[in-house]
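A short write-up of the structure that comes next.
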Amino acid sequence: MKPRPNESFTSWFDRQGFKHFKSDELTWYFSKVRNGVKNSTPPRELWINIVPTIKILDDLREHFGKSLEISSTYRALPYNRAIGSPDGSMHVKFKAVDFIVSGISPATVSAVLRKWRNEGKFVGGIGKYPTFVHLDTRDYNATW
Ligand SMILES: [Zn+2]
């Protein structure tokens, strides 16, 4: 669903029909600061990019029956550089989320995501880290 003229991110996000997610789970990250560089709200033309990723996270919440905590979402390019991430990051395109599922290891979460991707549920990137999982919906598969 596209944003209405002058619609805020919060208003737009909360009418997308997600089962669990509310905008404030993402918006806190838009004002993060690193080394004096402040992140920002994504530009309107990127908002739609995050919808398929959030739908998968919604399904993960259903699957595990656990809460899910987001640790990174959209990064404006200067902020992305300030944290040492490459310019091509899917976070800059607002297609990526880093998160944990409460009480579930990143290995288990990423295994479920890889299974769903193999079944054709989505196309995109899955990154397994010691303390979180990265998920994005780029238009090809990537795994790390
Ligand atoms: Zn990430």
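Going by the structure tokens order, chains are called A, B, ..., each with residues numbered from 1, while ligands are numbered from 1 in the order shown.
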
Hey, which residues come within 12 Å of ligand 1 if we count only C-alpha atoms and all ligand atoms? Could you give them as a PDB file with all heavy atoms, in the first residue's frame?
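Result file follows (selection.pdb):
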```pdb
ATOM      1  N   THR A  53       9.720  -8.020   3.843  1.00  0.00           N
ATOM      2  CA  THR A  53      10.578  -8.473   4.943  1.00  0.00           C
ATOM      3  C   THR A  53       9.768  -8.560   6.249  1.00  0.00           C
ATOM      4  O   THR A  53       9.869  -9.545   6.982  1.00  0.00           O
ATOM      5  CB  THR A  53      11.772  -7.505   5.123  1.00  0.00           C
ATOM      6  OG1 THR A  53      12.437  -7.360   3.868  1.00  0.00           O
ATOM      7  CG2 THR A  53      12.752  -8.037   6.156  1.00  0.00           C
ATOM      8  N   ILE A  70      13.793  -6.204  17.073  1.00  0.00           N
ATOM      9  CA  ILE A  70      14.568  -5.663  15.965  1.00  0.00           C
ATOM     10  C   ILE A  70      15.733  -4.850  16.508  1.00  0.00           C
ATOM     11  O   ILE A  70      15.560  -4.014  17.398  1.00  0.00           O
ATOM     12  CB  ILE A  70      13.658  -4.799  15.069  1.00  0.00           C
ATOM     13  CG1 ILE A  70      12.687  -5.716  14.308  1.00  0.00           C
ATOM     14  CG2 ILE A  70      14.487  -3.957  14.105  1.00  0.00           C
ATOM     15  CD1 ILE A  70      11.683  -4.983  13.467  1.00  0.00           C
ATOM     16  N   SER A  71      16.936  -5.089  15.954  1.00  0.00           N
ATOM     17  CA  SER A  71      18.108  -4.327  16.394  1.00  0.00           C
ATOM     18  C   SER A  71      18.632  -3.383  15.316  1.00  0.00           C
ATOM     19  O   SER A  71      19.446  -2.510  15.594  1.00  0.00           O
ATOM     20  CB  SER A  71      19.218  -5.266  16.856  1.00  0.00           C
ATOM     21  OG  SER A  71      19.516  -6.217  15.860  1.00  0.00           O
ATOM     22  N   SER A  72      18.191  -3.533  14.067  1.00  0.00           N
ATOM     23  CA  SER A  72      18.606  -2.615  13.003  1.00  0.00           C
ATOM     24  C   SER A  72      17.619  -2.700  11.844  1.00  0.00           C
ATOM     25  O   SER A  72      17.157  -3.792  11.497  1.00  0.00           O
ATOM     26  CB  SER A  72      20.009  -2.974  12.513  1.00  0.00           C
ATOM     27  OG  SER A  72      20.404  -2.103  11.450  1.00  0.00           O
ATOM     28  N   THR A  73      17.322  -1.548  11.275  1.00  0.00           N
ATOM     29  CA  THR A  73      16.449  -1.534  10.087  1.00  0.00           C
ATOM     30  C   THR A  73      17.064  -0.590   9.062  1.00  0.00           C
ATOM     31  O   THR A  73      18.170  -0.833   8.596  1.00  0.00           O
ATOM     32  CB  THR A  73      15.012  -1.094  10.439  1.00  0.00           C
ATOM     33  OG1 THR A  73      15.048   0.171  11.076  1.00  0.00           O
ATOM     34  CG2 THR A  73      14.350  -2.088  11.339  1.00  0.00           C
ATOM     35  N   TYR A  74      16.346   0.480   8.732  1.00  0.00           N
ATOM     36  CA  TYR A  74      16.845   1.427   7.734  1.00  0.00           C
ATOM     37  C   TYR A  74      18.077   2.180   8.239  1.00  0.00           C
ATOM     38  O   TYR A  74      18.106   2.619   9.397  1.00  0.00           O
ATOM     39  CB  TYR A  74      15.765   2.454   7.374  1.00  0.00           C
ATOM     40  CG  TYR A  74      16.296   3.547   6.464  1.00  0.00           C
ATOM     41  CD1 TYR A  74      16.604   3.272   5.144  1.00  0.00           C
ATOM     42  CD2 TYR A  74      16.522   4.842   6.948  1.00  0.00           C
ATOM     43  CE1 TYR A  74      17.115   4.253   4.307  1.00  0.00           C
ATOM     44  CE2 TYR A  74      17.027   5.835   6.124  1.00  0.00           C
ATOM     45  CZ  TYR A  74      17.320   5.532   4.804  1.00  0.00           C
ATOM     46  OH  TYR A  74      17.829   6.505   3.985  1.00  0.00           O
ATOM     47  N   ARG A  75      19.061   2.323   7.341  1.00  0.00           N
ATOM     48  CA  ARG A  75      20.228   3.159   7.644  1.00  0.00           C
ATOM     49  C   ARG A  75      20.438   4.137   6.501  1.00  0.00           C
ATOM     50  O   ARG A  75      20.678   3.715   5.354  1.00  0.00           O
ATOM     51  CB  ARG A  75      21.488   2.314   7.779  1.00  0.00           C
ATOM     52  CG  ARG A  75      21.428   1.293   8.888  1.00  0.00           C
ATOM     53  CD  ARG A  75      22.709   0.454   8.874  1.00  0.00           C
ATOM     54  NE  ARG A  75      22.568  -0.768   9.623  1.00  0.00           N
ATOM     55  CZ  ARG A  75      23.221  -1.894   9.337  1.00  0.00           C
ATOM     56  NH1 ARG A  75      24.051  -1.936   8.301  1.00  0.00           N
ATOM     57  NH2 ARG A  75      23.054  -2.964  10.072  1.00  0.00           N
ATOM     58  N   ASN A  80      25.095   4.549   7.797  1.00  0.00           N
ATOM     59  CA  ASN A  80      25.604   3.232   7.424  1.00  0.00           C
ATOM     60  C   ASN A  80      27.130   3.240   7.357  1.00  0.00           C
ATOM     61  O   ASN A  80      27.800   2.312   7.810  1.00  0.00           O
ATOM     62  CB  ASN A  80      25.001   2.812   6.084  1.00  0.00           C
ATOM     63  CG  ASN A  80      25.246   1.348   5.759  1.00  0.00           C
ATOM     64  OD1 ASN A  80      24.860   0.464   6.510  1.00  0.00           O
ATOM     65  ND2 ASN A  80      25.893   1.094   4.637  1.00  0.00           N
ATOM     66  N   ILE A  83      28.809   3.374  10.834  1.00  0.00           N
ATOM     67  CA  ILE A  83      28.914   2.120  11.583  1.00  0.00           C
ATOM     68  C   ILE A  83      29.786   1.096  10.846  1.00  0.00           C
ATOM     69  O   ILE A  83      29.895  -0.044  11.274  1.00  0.00           O
ATOM     70  CB  ILE A  83      27.527   1.516  11.909  1.00  0.00           C
ATOM     71  CG1 ILE A  83      26.794   1.041  10.647  1.00  0.00           C
ATOM     72  CG2 ILE A  83      26.667   2.518  12.684  1.00  0.00           C
ATOM     73  CD1 ILE A  83      25.548   0.241  10.970  1.00  0.00           C
ATOM     74  N   SER A  85      29.493  -0.137   7.679  1.00  0.00           N
ATOM     75  CA  SER A  85      28.814  -1.086   6.791  1.00  0.00           C
ATOM     76  C   SER A  85      29.024  -0.666   5.341  1.00  0.00           C
ATOM     77  O   SER A  85      29.079   0.528   5.038  1.00  0.00           O
ATOM     78  CB  SER A  85      27.318  -1.093   7.133  1.00  0.00           C
ATOM     79  OG  SER A  85      26.589  -1.912   6.237  1.00  0.00           O
ATOM     80  N   PRO A  86      29.140  -1.633   4.412  1.00  0.00           N
ATOM     81  CA  PRO A  86      29.357  -1.279   2.998  1.00  0.00           C
ATOM     82  C   PRO A  86      28.160  -0.538   2.394  1.00  0.00           C
ATOM     83  O   PRO A  86      27.015  -0.763   2.789  1.00  0.00           O
ATOM     84  CB  PRO A  86      29.561  -2.630   2.309  1.00  0.00           C
ATOM     85  CG  PRO A  86      29.041  -3.654   3.252  1.00  0.00           C
ATOM     86  CD  PRO A  86      29.125  -3.077   4.632  1.00  0.00           C
ATOM     87  N   GLY A  88      26.608  -0.871  -0.311  1.00  0.00           N
ATOM     88  CA  GLY A  88      25.602  -1.714  -0.966  1.00  0.00           C
ATOM     89  C   GLY A  88      24.668  -2.438  -0.011  1.00  0.00           C
ATOM     90  O   GLY A  88      23.846  -3.248  -0.441  1.00  0.00           O
ATOM     91  N   SER A  89      24.766  -2.153   1.271  1.00  0.00           N
ATOM     92  CA  SER A  89      23.947  -2.841   2.272  1.00  0.00           C
ATOM     93  C   SER A  89      22.457  -2.727   1.971  1.00  0.00           C
ATOM     94  O   SER A  89      21.959  -1.664   1.588  1.00  0.00           O
ATOM     95  CB  SER A  89      24.220  -2.242   3.651  1.00  0.00           C
ATOM     96  OG  SER A  89      23.258  -2.692   4.581  1.00  0.00           O
ATOM     97  N   MET A  90      21.742  -3.818   2.174  1.00  0.00           N
ATOM     98  CA  MET A  90      20.286  -3.804   1.977  1.00  0.00           C
ATOM     99  C   MET A  90      19.587  -2.959   3.037  1.00  0.00           C
ATOM    100  O   MET A  90      18.421  -2.602   2.880  1.00  0.00           O
ATOM    101  CB  MET A  90      19.740  -5.238   1.991  1.00  0.00           C
ATOM    102  CG  MET A  90      20.166  -6.052   0.787  1.00  0.00           C
ATOM    103  SD  MET A  90      19.468  -5.416  -0.760  1.00  0.00           S
ATOM    104  CE  MET A  90      20.849  -5.678  -1.875  1.00  0.00           C
ATOM    105  N   HIS A  91      20.310  -2.615   4.111  1.00  0.00           N
ATOM    106  CA  HIS A  91      19.730  -1.706   5.118  1.00  0.00           C
ATOM    107  C   HIS A  91      19.558  -0.307   4.525  1.00  0.00           C
ATOM    108  O   HIS A  91      18.612   0.400   4.870  1.00  0.00           O
ATOM    109  CB  HIS A  91      20.625  -1.645   6.356  1.00  0.00           C
ATOM    110  CG  HIS A  91      20.596  -2.905   7.176  1.00  0.00           C
ATOM    111  ND1 HIS A  91      19.633  -3.146   8.132  1.00  0.00           N
ATOM    112  CD2 HIS A  91      21.396  -3.988   7.171  1.00  0.00           C
ATOM    113  CE1 HIS A  91      19.847  -4.336   8.689  1.00  0.00           C
ATOM    114  NE2 HIS A  91      20.916  -4.864   8.124  1.00  0.00           N
ATOM    115  N   VAL A  92      20.453   0.089   3.630  1.00  0.00           N
ATOM    116  CA  VAL A  92      20.364   1.419   2.997  1.00  0.00           C
ATOM    117  C   VAL A  92      19.140   1.476   2.070  1.00  0.00           C
ATOM    118  O   VAL A  92      18.532   2.528   1.903  1.00  0.00           O
ATOM    119  CB  VAL A  92      21.666   1.735   2.226  1.00  0.00           C
ATOM    120  CG1 VAL A  92      21.550   3.039   1.454  1.00  0.00           C
ATOM    121  CG2 VAL A  92      22.851   1.783   3.189  1.00  0.00           C
ATOM    122  N   LYS A  93      18.778   0.328   1.495  1.00  0.00           N
ATOM    123  CA  LYS A  93      17.608   0.252   0.603  1.00  0.00           C
ATOM    124  C   LYS A  93      16.312   0.003   1.370  1.00  0.00           C
ATOM    125  O   LYS A  93      15.244  -0.100   0.764  1.00  0.00           O
ATOM    126  CB  LYS A  93      17.813  -0.865  -0.417  1.00  0.00           C
ATOM    127  CG  LYS A  93      18.978  -0.639  -1.370  1.00  0.00           C
ATOM    128  CD  LYS A  93      19.147  -1.838  -2.298  1.00  0.00           C
ATOM    129  CE  LYS A  93      20.037  -1.532  -3.493  1.00  0.00           C
ATOM    130  NZ  LYS A  93      21.417  -1.201  -3.118  1.00  0.00           N
ATOM    131  N   PHE A  94      16.403  -0.111   2.686  1.00  0.00           N
ATOM    132  CA  PHE A  94      15.255  -0.398   3.556  1.00  0.00           C
ATOM    133  C   PHE A  94      14.592  -1.728   3.191  1.00  0.00           C
ATOM    134  O   PHE A  94      13.376  -1.862   3.194  1.00  0.00           O
ATOM    135  CB  PHE A  94      14.228   0.738   3.514  1.00  0.00           C
ATOM    136  CG  PHE A  94      13.276   0.778   4.696  1.00  0.00           C
ATOM    137  CD1 PHE A  94      13.625   0.250   5.925  1.00  0.00           C
ATOM    138  CD2 PHE A  94      12.018   1.380   4.575  1.00  0.00           C
ATOM    139  CE1 PHE A  94      12.758   0.307   7.012  1.00  0.00           C
ATOM    140  CE2 PHE A  94      11.136   1.445   5.638  1.00  0.00           C
ATOM    141  CZ  PHE A  94      11.510   0.905   6.857  1.00  0.00           C
ATOM    142  N   LYS A  95      15.448  -2.707   2.872  1.00  0.00           N
ATOM    143  CA  LYS A  95      14.945  -4.051   2.589  1.00  0.00           C
ATOM    144  C   LYS A  95      15.343  -5.043   3.676  1.00  0.00           C
ATOM    145  O   LYS A  95      14.983  -6.207   3.591  1.00  0.00           O
ATOM    146  CB  LYS A  95      15.501  -4.555   1.243  1.00  0.00           C
ATOM    147  CG  LYS A  95      14.958  -3.820   0.035  1.00  0.00           C
ATOM    148  CD  LYS A  95      15.464  -4.441  -1.264  1.00  0.00           C
ATOM    149  CE  LYS A  95      14.795  -3.757  -2.452  1.00  0.00           C
ATOM    150  NZ  LYS A  95      15.210  -4.366  -3.730  1.00  0.00           N
ATOM    151  N   ALA A  96      16.125  -4.578   4.664  1.00  0.00           N
ATOM    152  CA  ALA A  96      16.732  -5.503   5.627  1.00  0.00           C
ATOM    153  C   ALA A  96      16.363  -5.182   7.066  1.00  0.00           C
ATOM    154  O   ALA A  96      16.129  -4.026   7.425  1.00  0.00           O
ATOM    155  CB  ALA A  96      18.249  -5.470   5.474  1.00  0.00           C
ATOM    156  N   VAL A  97      16.363  -6.238   7.862  1.00  0.00           N
ATOM    157  CA  VAL A  97      16.150  -6.122   9.298  1.00  0.00           C
ATOM    158  C   VAL A  97      17.112  -7.078  10.001  1.00  0.00           C
ATOM    159  O   VAL A  97      17.296  -8.216   9.557  1.00  0.00           O
ATOM    160  CB  VAL A  97      14.691  -6.478   9.670  1.00  0.00           C
ATOM    161  CG1 VAL A  97      14.503  -6.571  11.171  1.00  0.00           C
ATOM    162  CG2 VAL A  97      13.718  -5.458   9.087  1.00  0.00           C
ATOM    163  N   ASP A  98      17.742  -6.616  11.082  1.00  0.00           N
ATOM    164  CA  ASP A  98      18.489  -7.490  11.985  1.00  0.00           C
ATOM    165  C   ASP A  98      17.618  -7.692  13.219  1.00  0.00           C
ATOM    166  O   ASP A  98      17.011  -6.738  13.706  1.00  0.00           O
ATOM    167  CB  ASP A  98      19.817  -6.855  12.410  1.00  0.00           C
ATOM    168  CG  ASP A  98      20.770  -6.637  11.244  1.00  0.00           C
ATOM    169  OD1 ASP A  98      20.628  -7.310  10.215  1.00  0.00           O
ATOM    170  OD2 ASP A  98      21.665  -5.777  11.391  1.00  0.00           O
ATOM    171  N   PHE A  99      17.576  -8.907  13.756  1.00  0.00           N
ATOM    172  CA  PHE A  99      16.630  -9.182  14.847  1.00  0.00           C
ATOM    173  C   PHE A  99      17.019 -10.441  15.608  1.00  0.00           C
ATOM    174  O   PHE A  99      17.868 -11.227  15.156  1.00  0.00           O
ATOM    175  CB  PHE A  99      15.213  -9.354  14.269  1.00  0.00           C
ATOM    176  CG  PHE A  99      15.076 -10.575  13.401  1.00  0.00           C
ATOM    177  CD1 PHE A  99      14.546 -11.751  13.923  1.00  0.00           C
ATOM    178  CD2 PHE A  99      15.513 -10.572  12.088  1.00  0.00           C
ATOM    179  CE1 PHE A  99      14.447 -12.902  13.140  1.00  0.00           C
ATOM    180  CE2 PHE A  99      15.423 -11.713  11.300  1.00  0.00           C
ATOM    181  CZ  PHE A  99      14.882 -12.871  11.826  1.00  0.00           C
ATOM    182  N   ILE A 100      16.361 -10.619  16.749  1.00  0.00           N
ATOM    183  CA  ILE A 100      16.419 -11.894  17.461  1.00  0.00           C
ATOM    184  C   ILE A 100      14.982 -12.327  17.774  1.00  0.00           C
ATOM    185  O   ILE A 100      14.095 -11.487  17.918  1.00  0.00           O
ATOM    186  CB  ILE A 100      17.219 -11.803  18.785  1.00  0.00           C
ATOM    187  CG1 ILE A 100      16.628 -10.733  19.707  1.00  0.00           C
ATOM    188  CG2 ILE A 100      18.693 -11.538  18.534  1.00  0.00           C
ATOM    189  CD1 ILE A 100      17.044 -10.904  21.153  1.00  0.00           C
ATOM    190  N   GLY A 125      18.212 -12.424   1.229  1.00  0.00           N
ATOM    191  CA  GLY A 125      19.430 -12.702   1.963  1.00  0.00           C
ATOM    192  C   GLY A 125      19.152 -13.124   3.396  1.00  0.00           C
ATOM    193  O   GLY A 125      18.276 -12.573   4.059  1.00  0.00           O
ATOM    194  N   ILE A 126      19.922 -14.107   3.848  1.00  0.00           N
ATOM    195  CA  ILE A 126      19.828 -14.574   5.233  1.00  0.00           C
ATOM    196  C   ILE A 126      21.239 -14.595   5.804  1.00  0.00           C
ATOM    197  O   ILE A 126      22.119 -15.282   5.271  1.00  0.00           O
ATOM    198  CB  ILE A 126      19.223 -15.986   5.315  1.00  0.00           C
ATOM    199  CG1 ILE A 126      17.822 -16.021   4.687  1.00  0.00           C
ATOM    200  CG2 ILE A 126      19.187 -16.468   6.768  1.00  0.00           C
ATOM    201  CD1 ILE A 126      17.320 -17.443   4.422  1.00  0.00           C
ATOM    202  N   GLY A 127      21.471 -13.830   6.856  1.00  0.00           N
ATOM    203  CA  GLY A 127      22.777 -13.797   7.503  1.00  0.00           C
ATOM    204  C   GLY A 127      22.657 -14.266   8.938  1.00  0.00           C
ATOM    205  O   GLY A 127      21.818 -13.769   9.688  1.00  0.00           O
ATOM    206  N   LYS A 128      23.504 -15.219   9.318  1.00  0.00           N
ATOM    207  CA  LYS A 128      23.492 -15.746  10.683  1.00  0.00           C
ATOM    208  C   LYS A 128      24.694 -15.195  11.428  1.00  0.00           C
ATOM    209  O   LYS A 128      25.832 -15.381  10.989  1.00  0.00           O
ATOM    210  CB  LYS A 128      23.531 -17.276  10.645  1.00  0.00           C
ATOM    211  CG  LYS A 128      23.496 -17.928  12.011  1.00  0.00           C
ATOM    212  CD  LYS A 128      23.570 -19.438  11.906  1.00  0.00           C
ATOM    213  CE  LYS A 128      24.952 -19.887  11.461  1.00  0.00           C
ATOM    214  NZ  LYS A 128      25.094 -21.359  11.424  1.00  0.00           N
ATOM    215  N   TYR A 129      24.453 -14.511  12.508  1.00  0.00           N
ATOM    216  CA  TYR A 129      25.514 -13.945  13.350  1.00  0.00           C
ATOM    217  C   TYR A 129      25.400 -14.574  14.734  1.00  0.00           C
ATOM    218  O   TYR A 129      24.369 -15.169  15.064  1.00  0.00           O
ATOM    219  CB  TYR A 129      25.346 -12.427  13.442  1.00  0.00           C
ATOM    220  CG  TYR A 129      25.552 -11.709  12.123  1.00  0.00           C
ATOM    221  CD1 TYR A 129      24.507 -11.553  11.220  1.00  0.00           C
ATOM    222  CD2 TYR A 129      26.802 -11.205  11.772  1.00  0.00           C
ATOM    223  CE1 TYR A 129      24.696 -10.901  10.005  1.00  0.00           C
ATOM    224  CE2 TYR A 129      27.002 -10.560  10.569  1.00  0.00           C
ATOM    225  CZ  TYR A 129      25.944 -10.403   9.681  1.00  0.00           C
ATOM    226  OH  TYR A 129      26.141  -9.768   8.488  1.00  0.00           O
ATOM    227  N   THR A 131      24.833 -13.310  17.567  1.00  0.00           N
ATOM    228  CA  THR A 131      23.815 -12.761  18.469  1.00  0.00           C
ATOM    229  C   THR A 131      22.553 -12.263  17.772  1.00  0.00           C
ATOM    230  O   THR A 131      21.658 -11.731  18.423  1.00  0.00           O
ATOM    231  CB  THR A 131      24.398 -11.588  19.289  1.00  0.00           C
ATOM    232  OG1 THR A 131      24.950 -10.623  18.364  1.00  0.00           O
ATOM    233  CG2 THR A 131      25.503 -12.069  20.216  1.00  0.00           C
ATOM    234  N   PHE A 132      22.468 -12.382  16.457  1.00  0.00           N
ATOM    235  CA  PHE A 132      21.265 -11.938  15.746  1.00  0.00           C
ATOM    236  C   PHE A 132      21.207 -12.568  14.357  1.00  0.00           C
ATOM    237  O   PHE A 132      22.161 -13.216  13.910  1.00  0.00           O
ATOM    238  CB  PHE A 132      21.221 -10.397  15.637  1.00  0.00           C
ATOM    239  CG  PHE A 132      22.294  -9.797  14.765  1.00  0.00           C
ATOM    240  CD1 PHE A 132      22.079  -9.574  13.405  1.00  0.00           C
ATOM    241  CD2 PHE A 132      23.539  -9.454  15.292  1.00  0.00           C
ATOM    242  CE1 PHE A 132      23.057  -9.015  12.599  1.00  0.00           C
ATOM    243  CE2 PHE A 132      24.527  -8.888  14.501  1.00  0.00           C
ATOM    244  CZ  PHE A 132      24.292  -8.676  13.154  1.00  0.00           C
ATOM    245  N   VAL A 133      20.084 -12.351  13.698  1.00  0.00           N
ATOM    246  CA  VAL A 133      19.884 -12.820  12.327  1.00  0.00           C
ATOM    247  C   VAL A 133      19.581 -11.610  11.449  1.00  0.00           C
ATOM    248  O   VAL A 133      18.856 -10.698  11.861  1.00  0.00           O
ATOM    249  CB  VAL A 133      18.706 -13.830  12.249  1.00  0.00           C
ATOM    250  CG1 VAL A 133      18.425 -14.245  10.801  1.00  0.00           C
ATOM    251  CG2 VAL A 133      19.003 -15.051  13.105  1.00  0.00           C
ATOM    252  N   HIS A 134      20.147 -11.601  10.243  1.00  0.00           N
ATOM    253  CA  HIS A 134      19.835 -10.577   9.240  1.00  0.00           C
ATOM    254  C   HIS A 134      18.922 -11.205   8.202  1.00  0.00           C
ATOM    255  O   HIS A 134      19.175 -12.318   7.736  1.00  0.00           O
ATOM    256  CB  HIS A 134      21.131 -10.091   8.577  1.00  0.00           C
ATOM    257  CG  HIS A 134      20.921  -9.333   7.293  1.00  0.00           C
ATOM    258  ND1 HIS A 134      21.100  -7.970   7.202  1.00  0.00           N
ATOM    259  CD2 HIS A 134      20.547  -9.754   6.055  1.00  0.00           C
ATOM    260  CE1 HIS A 134      20.835  -7.588   5.949  1.00  0.00           C
ATOM    261  NE2 HIS A 134      20.499  -8.654   5.234  1.00  0.00           N
ATOM    262  N   LEU A 135      17.863 -10.494   7.839  1.00  0.00           N
ATOM    263  CA  LEU A 135      16.963 -10.939   6.770  1.00  0.00           C
ATOM    264  C   LEU A 135      16.710  -9.776   5.826  1.00  0.00           C
ATOM    265  O   LEU A 135      16.448  -8.650   6.270  1.00  0.00           O
ATOM    266  CB  LEU A 135      15.632 -11.414   7.366  1.00  0.00           C
ATOM    267  CG  LEU A 135      14.537 -11.744   6.341  1.00  0.00           C
ATOM    268  CD1 LEU A 135      14.890 -12.968   5.507  1.00  0.00           C
ATOM    269  CD2 LEU A 135      13.195 -11.954   7.040  1.00  0.00           C
ATOM    270  N   ASP A 136      16.818 -10.034   4.520  1.00  0.00           N
ATOM    271  CA  ASP A 136      16.415  -9.009   3.552  1.00  0.00           C
ATOM    272  C   ASP A 136      15.701  -9.669   2.389  1.00  0.00           C
ATOM    273  O   ASP A 136      15.782 -10.883   2.208  1.00  0.00           O
ATOM    274  CB  ASP A 136      17.613  -8.173   3.076  1.00  0.00           C
ATOM    275  CG  ASP A 136      18.587  -8.977   2.236  1.00  0.00           C
ATOM    276  OD1 ASP A 136      18.221  -9.421   1.138  1.00  0.00           O
ATOM    277  OD2 ASP A 136      19.743  -9.177   2.686  1.00  0.00           O
ATOM    278  N   THR A 137      14.997  -8.867   1.606  1.00  0.00           N
ATOM    279  CA  THR A 137      14.261  -9.390   0.452  1.00  0.00           C
ATOM    280  C   THR A 137      14.773  -8.738  -0.829  1.00  0.00           C
ATOM    281  O   THR A 137      14.008  -8.205  -1.624  1.00  0.00           O
ATOM    282  CB  THR A 137      12.737  -9.197   0.630  1.00  0.00           C
ATOM    283  OG1 THR A 137      12.479  -7.850   1.034  1.00  0.00           O
ATOM    284  CG2 THR A 137      12.187 -10.143   1.678  1.00  0.00           C
ATOM    285  N   THR A 143      23.421 -16.023   1.187  1.00  0.00           N
ATOM    286  CA  THR A 143      23.454 -16.690   2.489  1.00  0.00           C
ATOM    287  C   THR A 143      24.842 -16.508   3.092  1.00  0.00           C
ATOM    288  O   THR A 143      25.839 -16.708   2.415  1.00  0.00           O
ATOM    289  CB  THR A 143      23.170 -18.210   2.324  1.00  0.00           C
ATOM    290  OG1 THR A 143      22.006 -18.381   1.528  1.00  0.00           O
ATOM    291  CG2 THR A 143      22.971 -18.863   3.683  1.00  0.00           C
ATOM    292  N   TRP A 144      24.882 -16.099   4.354  1.00  0.00           N
ATOM    293  CA  TRP A 144      26.169 -16.017   5.044  1.00  0.00           C
ATOM    294  C   TRP A 144      25.997 -16.268   6.509  1.00  0.00           C
ATOM    295  O   TRP A 144      24.884 -16.443   6.977  1.00  0.00           O
ATOM    296  CB  TRP A 144      26.851 -14.657   4.783  1.00  0.00           C
ATOM    297  CG  TRP A 144      26.142 -13.478   5.337  1.00  0.00           C
ATOM    298  CD1 TRP A 144      26.347 -12.886   6.562  1.00  0.00           C
ATOM    299  CD2 TRP A 144      25.105 -12.714   4.698  1.00  0.00           C
ATOM    300  NE1 TRP A 144      25.513 -11.819   6.709  1.00  0.00           N
ATOM    301  CE2 TRP A 144      24.744 -11.678   5.603  1.00  0.00           C
ATOM    302  CE3 TRP A 144      24.429 -12.790   3.487  1.00  0.00           C
ATOM    303  CZ2 TRP A 144      23.727 -10.736   5.314  1.00  0.00           C
ATOM    304  CZ3 TRP A 144      23.447 -11.862   3.195  1.00  0.00           C
ATOM    305  CH2 TRP A 144      23.105 -10.858   4.107  1.00  0.00           C
TER     306      TRP A 144
END
```

Considering only C-alpha atoms, return as a ChimeraX atom specification whatever protein or nucleic-acid residues lie within 9 Å of A:Val51, sequence-local ones (same chain, fewer than 4 positions apart) excluded. /A:13,16,18,47,55-56,95

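Between atom CA of A:Phe30 and atom CA of A:Ser11 there is a distance of 15.5 Å.
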
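Closest approach to A:Asp24 among A:Met1, A:Gly120, A:Glu69, A:Asp58 is made by A:Glu69 (distances from only C-alpha atoms).
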
Name the residues of chain A that come out as alpha helix (DSSP H) in a backbone DSSP run; write them as a PyMOL selection string. chain A and resi 9-14+24-27+51-64+77-82+106-118

Please identify all polymer residues within 12 Å of A:Gly36, counting only C-alpha atoms, omitting same-chain residues fewer than 2 positions from it, and present them as a list in words. Ser31, Lys32, Val33, Arg34, Lys38, Asn39, Pro78, Tyr79, Arg81, Ala82 and Ile83 of chain A

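Taking only C-alpha atoms into account, A:Arg114 lies nearest to A:Ala142 out of the set A:Val101, A:Ala142, A:Ala76, A:Val37.
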
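Nearest residue to A:Val109 among A:Trp28, A:Phe64, A:Phe122, A:Trp12 is A:Phe64, counting only C-alpha atoms.
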
If you run DSSP on this backbone, which residues of chain A come out as strand (DSSP E), and could you give them as a PyMOL selection string? chain A and resi 33-34+37-38+68-72+96-101+125-128+133-136+142-143

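Distances from A:Gly84, A:Pro52, A:Gly65, A:Gly103 to A:Lys121 were compared using only C-alpha atoms, and the smallest one belongs to A:Pro52.
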
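Between atom CA of A:Ser102 and atom CA of A:Leu46 the separation is 28.4 Å.
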
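Picture a line from atom CA of A:Val112 to atom CA of A:Tyr140; it runs 18.0 Å.
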